[in-house]
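Undergrad: Okay, here's the structure, questions in a sec.
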Amino acid sequence: MAKYRKLGRTSDQRKALLRNQVTNLIYHGKIVTTEARAKEVRKFVEPLITMAVKEKDNFETVKVTAKVPKKDKDGKRIKEVVDGKKVTVYDTVEKEIKKDLPSRLHARRQMLRVLYPVTEVPTTAAGRKRGTKEVDLVAKLFDEYGPKYANRHGGYTRIVKIGPRKGDAAMEVILELV
């Protein structure tokens, strides 16, 4: 008996497919895929959520002062002339940040090994860089899914069969987070 399904792909293609589906499942909460793929994706997602549950409170808050550039109403930096040169004007701001303790940092890096980076593009100005933002899926795991599944011992995903696919009659399922 094999330890995993090969899904009719080479190892690099299979790993890329599974990482992509794991990333989309965590980002969207549910995906539609074949039954074999769903069972393989489940093996990647469950340990990630378990890590998030274990390490959700393993951080300390630290106050940090940072220099932030002043901006006008359009979002552009305010500049002033000093000694004949244009110089950006900065404000000093005090922020509270979460500093990961060593075990949480290790869990974060383990998660980043599996997850792909996700970039949100606004629908109004699609294709432009201005409104795009990077989504931190690891923070989503720690802050959203960690507390949500804190009193649950495994079984974070559900597979619901929706019937055979029209093209090749492969059993399609919805893989969702419970």
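Every chain in the structure tokens has a letter given in the order shown (A, B, ...), and although residue numbers restart at 1 in each chain, ligands are simply numbered from 1 in the order shown.
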Among the residues of chain A, find those DSSP assigns to strand (DSSP E or B) from the backbone and print them as a ChimeraX atom specification.
TA: /A:30-34,59-69,71,77,79-82,85-88,90-100,118-120,133-135,157-164,171-177
Undergrad: So that I can see what lies close to Pro102 of chain A, please list as number ranges by chain the residues with an atom at most 12 Å from it, counting only C-alpha atoms and leaving out residues fewer than 6 positions away in the same chain.
TA: A: 55, 58-60, 108-109
Undergrad: For Thr61 of chain A, list every protein, DNA or RNA residue within 9 Å, evaluated using only C-alpha atoms, and leave out those in the same chain fewer than 4 positions away; present the list as a VMD selection string.
TA: chain A and resid 96 to 100
Undergrad: Only N, CA and C atoms, please: the residues just picked out, written as a short mmCIF file (atom, residue, chain, number, x, y, z; two decimals), in the first residue's frame.
TA:
```cif
data_model
loop_
_atom_site.label_atom_id
_atom_site.label_comp_id
_atom_site.auth_asym_id
_atom_site.auth_seq_id
_atom_site.Cartn_x
_atom_site.Cartn_y
_atom_site.Cartn_z
N GLU A 96 2.66 48.89 18.59
CA GLU A 96 2.79 47.62 19.30
C GLU A 96 2.81 46.52 18.26
N ILE A 97 3.84 45.68 18.33
CA ILE A 97 3.94 44.57 17.39
C ILE A 97 4.00 43.25 18.16
N LYS A 98 3.61 42.18 17.46
CA LYS A 98 3.71 40.84 18.05
C LYS A 98 5.08 40.28 17.71
N LYS A 99 5.82 39.88 18.74
CA LYS A 99 7.11 39.26 18.52
C LYS A 99 6.97 37.77 18.81
N ASP A 100 7.21 36.95 17.79
CA ASP A 100 7.06 35.50 17.94
C ASP A 100 8.13 34.96 18.87
#
```
Undergrad: Could you list, as a list in words, every residue within 9 Å of Asn20 of chain A, counting only C-alpha atoms and ignoring same-chain residues fewer than 4 positions away?
TA: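 The residues that qualify are Lys15, Ala16, Asn24, Leu25, Val114, Leu115 and Tyr116 of chain A.
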Undergrad: Could you save the residues just selected, with N, CA, C and O atoms, as an mmCIF file, in the first residue's frame?
TA:
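Done, and the output landed in selection20.cif:
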```cif
data_model
loop_
_atom_site.group_PDB
_atom_site.id
_atom_site.type_symbol
_atom_site.label_atom_id
_atom_site.label_comp_id
_atom_site.auth_asym_id
_atom_site.auth_seq_id
_atom_site.Cartn_x
_atom_site.Cartn_y
_atom_site.Cartn_z
ATOM 1 N N LYS A 15 3.629 18.178 -6.083
ATOM 2 C CA LYS A 15 3.864 19.065 -4.939
ATOM 3 C C LYS A 15 3.311 20.456 -5.206
ATOM 4 O O LYS A 15 2.707 21.070 -4.324
ATOM 5 N N ALA A 16 3.507 20.962 -6.414
ATOM 6 C CA ALA A 16 2.993 22.285 -6.769
ATOM 7 C C ALA A 16 1.466 22.308 -6.730
ATOM 8 O O ALA A 16 0.859 23.255 -6.214
ATOM 9 N N ASN A 24 -5.133 27.761 -1.472
ATOM 10 C CA ASN A 24 -6.484 28.219 -1.797
ATOM 11 C C ASN A 24 -7.502 27.803 -0.751
ATOM 12 O O ASN A 24 -8.437 28.563 -0.471
ATOM 13 N N LEU A 25 -7.342 26.632 -0.174
ATOM 14 C CA LEU A 25 -8.265 26.196 0.873
ATOM 15 C C LEU A 25 -8.169 27.110 2.094
ATOM 16 O O LEU A 25 -9.186 27.518 2.651
ATOM 17 N N VAL A 114 5.055 25.408 3.034
ATOM 18 C CA VAL A 114 3.965 24.776 2.294
ATOM 19 C C VAL A 114 3.149 25.794 1.502
ATOM 20 O O VAL A 114 2.743 25.534 0.371
ATOM 21 N N LEU A 115 2.885 26.960 2.083
ATOM 22 C CA LEU A 115 1.966 27.927 1.482
ATOM 23 C C LEU A 115 2.648 28.805 0.435
ATOM 24 O O LEU A 115 3.792 29.215 0.611
ATOM 25 N N TYR A 116 1.917 29.091 -0.633
ATOM 26 C CA TYR A 116 2.380 30.038 -1.636
ATOM 27 C C TYR A 116 2.001 31.453 -1.197
ATOM 28 O O TYR A 116 1.011 31.637 -0.496
#
```
Undergrad: I'd like the neighbourhood of segment 158-167 of chain A as number ranges by chain, where a residue qualifies if any of its atoms comes within 12 Å (using only C-alpha atoms), though same-chain residues fewer than 4 positions away should be ignored.
TA: A: 25, 29-42, 45-46, 154, 171-178
Undergrad: Since we have the selection now, will you write its residues out, keeping N, CA, C and O atoms, as a compact mmCIF listing (two decimals), in the first residue's frame?
TA:
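Below you can see part_2.txt, which holds the result:
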```txt
# COMPACT_ATOMS: atom_id res chain seq x y z
N LEU A 25 -7.34 26.63 -0.17
CA LEU A 25 -8.26 26.20 0.87
C LEU A 25 -8.17 27.11 2.09
O LEU A 25 -9.19 27.52 2.65
N GLY A 29 -11.38 29.09 2.29
CA GLY A 29 -12.21 28.33 3.24
C GLY A 29 -12.78 27.06 2.64
O GLY A 29 -13.11 26.13 3.37
N LYS A 30 -12.93 27.01 1.32
CA LYS A 30 -13.37 25.77 0.67
C LYS A 30 -12.96 25.79 -0.79
O LYS A 30 -12.80 26.85 -1.40
N ILE A 31 -12.77 24.58 -1.35
CA ILE A 31 -12.41 24.42 -2.75
C ILE A 31 -13.19 23.25 -3.33
O ILE A 31 -13.63 22.35 -2.60
N VAL A 32 -13.36 23.25 -4.66
CA VAL A 32 -13.98 22.13 -5.36
C VAL A 32 -12.85 21.41 -6.10
O VAL A 32 -12.11 22.03 -6.86
N THR A 33 -12.74 20.10 -5.87
CA THR A 33 -11.67 19.32 -6.47
C THR A 33 -12.11 17.87 -6.56
O THR A 33 -13.24 17.54 -6.22
N THR A 34 -11.22 17.00 -7.03
CA THR A 34 -11.57 15.58 -7.09
C THR A 34 -11.37 14.95 -5.71
O THR A 34 -10.68 15.50 -4.86
N GLU A 35 -11.96 13.79 -5.53
CA GLU A 35 -11.91 13.12 -4.23
C GLU A 35 -10.48 12.73 -3.84
O GLU A 35 -10.06 12.93 -2.70
N ALA A 36 -9.71 12.21 -4.81
CA ALA A 36 -8.34 11.79 -4.51
C ALA A 36 -7.48 12.99 -4.10
O ALA A 36 -6.71 12.92 -3.14
N ARG A 37 -7.61 14.10 -4.83
CA ARG A 37 -6.85 15.31 -4.48
C ARG A 37 -7.26 15.83 -3.11
O ARG A 37 -6.41 16.26 -2.33
N ALA A 38 -8.54 15.81 -2.82
CA ALA A 38 -9.03 16.32 -1.54
C ALA A 38 -8.45 15.53 -0.38
O ALA A 38 -8.06 16.10 0.64
N LYS A 39 -8.37 14.21 -0.54
CA LYS A 39 -7.82 13.38 0.53
C LYS A 39 -6.34 13.65 0.73
O LYS A 39 -5.84 13.54 1.85
N GLU A 40 -5.62 14.00 -0.33
CA GLU A 40 -4.21 14.34 -0.20
C GLU A 40 -4.02 15.73 0.39
O GLU A 40 -3.14 15.94 1.22
N VAL A 41 -4.85 16.68 -0.03
CA VAL A 41 -4.76 18.05 0.50
C VAL A 41 -5.03 18.06 2.00
O VAL A 41 -4.40 18.78 2.76
N ARG A 42 -5.96 17.23 2.40
CA ARG A 42 -6.31 17.12 3.83
C ARG A 42 -5.09 16.78 4.68
O ARG A 42 -4.92 17.30 5.78
N VAL A 45 -3.22 20.13 5.18
CA VAL A 45 -3.93 21.20 5.88
C VAL A 45 -4.08 20.91 7.37
O VAL A 45 -3.88 21.81 8.20
N GLU A 46 -4.42 19.69 7.72
CA GLU A 46 -4.66 19.34 9.13
C GLU A 46 -3.45 19.65 10.02
O GLU A 46 -3.60 20.29 11.05
N GLY A 154 -8.43 17.84 16.14
CA GLY A 154 -8.33 17.28 14.80
C GLY A 154 -9.66 17.33 14.06
O GLY A 154 -10.67 17.78 14.58
N MET A 171 -15.04 11.69 -9.49
CA MET A 171 -15.91 12.14 -8.40
C MET A 171 -15.43 13.49 -7.89
O MET A 171 -14.30 13.63 -7.43
N GLU A 172 -16.28 14.50 -8.02
CA GLU A 172 -15.95 15.83 -7.52
C GLU A 172 -16.47 16.00 -6.11
O GLU A 172 -17.54 15.51 -5.76
N VAL A 173 -15.70 16.73 -5.30
CA VAL A 173 -16.08 16.96 -3.91
C VAL A 173 -15.82 18.43 -3.56
O VAL A 173 -15.08 19.12 -4.24
N ILE A 174 -16.47 18.86 -2.47
CA ILE A 174 -16.15 20.16 -1.89
C ILE A 174 -15.34 19.86 -0.63
O ILE A 174 -15.81 19.15 0.26
N LEU A 175 -14.13 20.40 -0.61
CA LEU A 175 -13.27 20.28 0.58
C LEU A 175 -13.37 21.60 1.31
O LEU A 175 -13.03 22.65 0.76
N GLU A 176 -13.88 21.58 2.55
CA GLU A 176 -14.08 22.82 3.29
C GLU A 176 -13.59 22.69 4.71
O GLU A 176 -13.49 21.58 5.25
N LEU A 177 -13.26 23.83 5.29
CA LEU A 177 -12.88 23.86 6.69
C LEU A 177 -14.16 23.86 7.51
O LEU A 177 -15.10 24.60 7.21
N VAL A 178 -14.20 23.03 8.54
CA VAL A 178 -15.41 22.86 9.34
C VAL A 178 -15.68 24.14 10.13
O VAL A 178 -14.80 24.74 10.67
```
Undergrad: Give me every alpha helix (DSSP H) residue in chain A, going by DSSP on the backbone, as a PyMOL selection string.
TA: chain A and resi 11-28+35-55+102-114+137-140+146-148
Undergrad: Under the rule that only C-alpha atoms are counted, which of A:Val93, A:Leu105, A:Ser11, A:Ala52 is the nearest residue to Ala150 of chain A?
TA: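 Among the listed residues, the smallest separation from Ala150 of chain A belongs to A:Ala52.
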Undergrad: Determine the nearest neighbour of Met111 of chain A from the options A:Lys140, A:Lys63, A:Lys6, A:Lys133, counting only C-alpha atoms.
TA: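 Counting only C-alpha atoms, the residue closest to Met111 of chain A is A:Lys140.
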Undergrad: Nearest to Leu112 of chain A: which of A:Leu137, A:Leu7, A:Ile49, A:Val68 is it, counting only C-alpha atoms?
TA: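 Among A:Leu137, A:Leu7, A:Ile49, A:Val68, it is A:Leu137 that comes nearest to Leu112 of chain A.
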